[in-house]
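Novice: My structure is in data16.cif, and what it holds is mmCIF, C-alpha atoms, pLDDT in the B column; chains and numbers go by the auth columns:
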```cif
data_data
#
loop_
_atom_site.group_PDB
_atom_site.id
_atom_site.type_symbol
_atom_site.label_atom_id
_atom_site.label_comp_id
_atom_site.label_asym_id
_atom_site.label_seq_id
_atom_site.Cartn_x
_atom_site.Cartn_y
_atom_site.Cartn_z
_atom_site.B_iso_or_equiv
_atom_site.auth_seq_id
_atom_site.auth_asym_id
ATOM 1 C CA MET A 1 159.066 -227.357 -124.585 61.00 1 A
ATOM 2 C CA GLY A 2 161.323 -227.277 -127.616 74.00 2 A
ATOM 3 C CA ARG A 3 163.243 -230.212 -128.975 80.00 3 A
ATOM 4 C CA THR A 4 166.546 -229.032 -127.482 84.00 4 A
ATOM 5 C CA ASP A 5 164.894 -228.284 -124.123 84.00 5 A
ATOM 6 C CA ARG A 6 163.402 -231.753 -124.056 85.00 6 A
ATOM 7 C CA ALA A 7 166.736 -233.372 -124.950 89.00 7 A
ATOM 8 C CA ALA A 8 168.492 -231.402 -122.212 88.00 8 A
ATOM 9 C CA PHE A 9 165.823 -232.392 -119.678 86.00 9 A
ATOM 10 C CA ARG A 10 166.097 -236.055 -120.633 89.00 10 A
ATOM 11 C CA ALA A 11 169.882 -235.889 -120.320 90.00 11 A
ATOM 12 C CA TRP A 12 169.460 -234.343 -116.862 88.00 12 A
ATOM 13 C CA ILE A 13 167.044 -237.151 -115.920 88.00 13 A
ATOM 14 C CA ARG A 14 169.525 -239.824 -117.024 89.00 14 A
ATOM 15 C CA ALA A 15 172.356 -238.195 -115.091 89.00 15 A
ATOM 16 C CA ASN A 16 170.458 -237.421 -111.863 88.00 16 A
ATOM 17 C CA HIS A 17 167.911 -240.222 -111.512 90.00 17 A
ATOM 18 C CA PRO A 18 168.134 -241.969 -108.116 88.00 18 A
ATOM 19 C CA ASP A 19 168.378 -245.373 -109.844 88.00 19 A
ATOM 20 C CA ALA A 20 171.500 -244.080 -111.602 86.00 20 A
ATOM 21 C CA GLY A 21 173.120 -242.883 -108.359 87.00 21 A
ATOM 22 C CA GLY A 22 171.594 -239.409 -108.099 86.00 22 A
ATOM 23 C CA ASP A 23 170.349 -237.782 -104.906 88.00 23 A
ATOM 24 C CA PRO A 24 166.606 -238.551 -104.469 88.00 24 A
ATOM 25 C CA GLU A 25 165.808 -235.272 -102.667 90.00 25 A
ATOM 26 C CA VAL A 26 167.505 -233.126 -105.314 89.00 26 A
ATOM 27 C CA PHE A 27 165.833 -235.113 -108.082 89.00 27 A
ATOM 28 C CA ALA A 28 162.358 -234.765 -106.530 89.00 28 A
ATOM 29 C CA ALA A 29 162.860 -231.053 -105.858 89.00 29 A
ATOM 30 C CA GLU A 30 163.903 -230.383 -109.466 87.00 30 A
ATOM 31 C CA LEU A 31 160.941 -232.334 -110.868 86.00 31 A
ATOM 32 C CA HIS A 32 158.585 -230.417 -108.574 88.00 32 A
ATOM 33 C CA ARG A 33 160.121 -227.111 -109.674 86.00 33 A
ATOM 34 C CA ARG A 34 159.744 -227.997 -113.360 83.00 34 A
ATOM 35 C CA ARG A 35 156.197 -229.326 -113.042 82.00 35 A
ATOM 36 C CA HIS A 36 154.956 -226.262 -111.213 81.00 36 A
ATOM 37 C CA GLY A 37 156.160 -223.693 -113.733 68.00 37 A
ATOM 38 C CA ARG A 38 159.308 -222.403 -112.091 58.00 38 A
ATOM 39 C CA ALA A 39 161.696 -223.672 -114.747 48.00 39 A
ATOM 40 C CA ALA A 40 164.757 -221.714 -115.779 49.00 40 A
ATOM 41 C CA GLY A 41 163.744 -218.664 -117.789 47.00 41 A
ATOM 42 C CA GLY A 42 160.304 -218.484 -116.195 46.00 42 A
ATOM 43 C CA ALA A 43 158.501 -220.588 -118.772 48.00 43 A
ATOM 44 C CA SER A 44 157.179 -224.006 -117.950 47.00 44 A
ATOM 45 C CA GLY A 45 156.228 -224.992 -121.487 50.00 45 A
ATOM 46 C CA ARG A 46 152.626 -225.701 -120.446 54.00 46 A
ATOM 47 C CA ALA A 47 149.463 -223.686 -120.189 55.00 47 A
ATOM 48 C CA SER A 48 148.629 -222.562 -116.683 58.00 48 A
ATOM 49 C CA GLY A 49 144.898 -223.248 -116.945 64.00 49 A
ATOM 50 C CA GLY A 50 144.884 -226.789 -115.630 73.00 50 A
ATOM 51 C CA VAL A 51 143.095 -229.712 -117.227 78.00 51 A
ATOM 52 C CA THR A 52 140.278 -229.318 -119.723 79.00 52 A
ATOM 53 C CA VAL A 53 137.916 -232.258 -120.109 81.00 53 A
ATOM 54 C CA VAL A 54 136.013 -232.586 -123.359 78.00 54 A
ATOM 55 C CA ARG A 55 133.144 -235.019 -123.491 81.00 55 A
ATOM 56 C CA ARG A 56 132.602 -236.554 -126.884 82.00 56 A
ATOM 57 C CA ARG A 57 129.479 -238.164 -128.205 84.00 57 A
ATOM 58 C CA ARG A 58 129.792 -241.895 -128.925 89.00 58 A
ATOM 59 C CA GLY A 59 128.337 -244.003 -131.691 91.00 59 A
ATOM 60 C CA PRO A 60 127.470 -243.020 -135.257 93.00 60 A
ATOM 61 C CA ARG A 61 126.340 -239.505 -134.331 93.00 61 A
ATOM 62 C CA GLY A 62 129.629 -238.909 -132.528 92.00 62 A
ATOM 63 C CA ALA A 63 131.602 -240.214 -135.509 93.00 63 A
ATOM 64 C CA VAL A 64 129.799 -237.779 -137.811 94.00 64 A
ATOM 65 C CA GLN A 65 130.334 -234.941 -135.340 91.00 65 A
ATOM 66 C CA ARG A 66 134.086 -235.671 -135.092 90.00 66 A
ATOM 67 C CA TRP A 67 134.372 -235.927 -138.881 93.00 67 A
ATOM 68 C CA LEU A 68 132.672 -232.565 -139.325 93.00 68 A
ATOM 69 C CA GLU A 69 134.972 -230.978 -136.715 90.00 69 A
ATOM 70 C CA ARG A 70 138.107 -232.308 -138.445 91.00 70 A
ATOM 71 C CA ARG A 71 136.781 -231.073 -141.788 92.00 71 A
ATOM 72 C CA ARG A 72 136.081 -227.614 -140.350 91.00 72 A
ATOM 73 C CA ARG A 73 139.600 -227.409 -138.877 88.00 73 A
ATOM 74 C CA ARG A 74 141.225 -228.479 -142.161 88.00 74 A
ATOM 75 C CA ARG A 75 139.306 -225.849 -144.110 83.00 75 A
ATOM 76 C CA ALA A 76 140.233 -223.135 -141.603 80.00 76 A
ATOM 77 C CA ARG A 77 143.902 -224.150 -141.865 75.00 77 A
ATOM 78 C CA LYS A 78 143.811 -223.915 -145.689 72.00 78 A
ATOM 79 C CA LEU A 79 142.399 -220.382 -145.539 71.00 79 A
ATOM 80 C CA ASN A 80 145.237 -219.151 -143.304 61.00 80 A
#
```
Can you turn what I pasted into structure tokens?
Specialist:
Amino acid sequence: MGRTDRAAFRAWIRANHPDAGGDPEVFAAELHRRRHGRAAGGASGRASGGVTVVRRRRGPRGAVQRWLERRRRRRARKLN
């Protein structure tokens, strides 16, 4: 979701929220439509794969592993 898309969505929320006098059914239907990838233009702004859980090692070994991963990513970014 781009910066202008996000600003437009937030403006829509402020204008149509039930606490601000908007219709609760319309508000809920629009949120459902946006969350389930049927936004205007056909793009939802999110990947359609669901949630990915990554388990990380804790403690000193995990800290070293995370440091090495960050280092590897930084080096790959510099090469591109």
Novice: What is the distance, in Å and to one decimal place, between atom CA of A:Ala28 and atom CA of A:Ile13?
Specialist: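 Computing the Euclidean distance for atom CA of A:Ala28 and atom CA of A:Ile13 yields 10.8 Å.
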Novice: Around stretch 56-61 of chain A, with edges along x, y and z and 3 Å added on all six sides, what centre and edge lengths do you get, in Å to one decimal, as lines of an AutoDock Vina configuration file?
Specialist:
```
center_x = 129.5
center_y = -240.3
center_z = -131.1
size_x = 12.3
size_y = 13.4
size_z = 14.4
```
Novice: So what do you get for atom CA of A:Glu25 versus atom CA of A:Arg6, distance-wise?
Specialist: 21.8 Å
Novice: Rounded to one decimal in Å, what is the spacing between atom CA of A:His17 and atom CA of A:His36?
Specialist: 19.0 Å
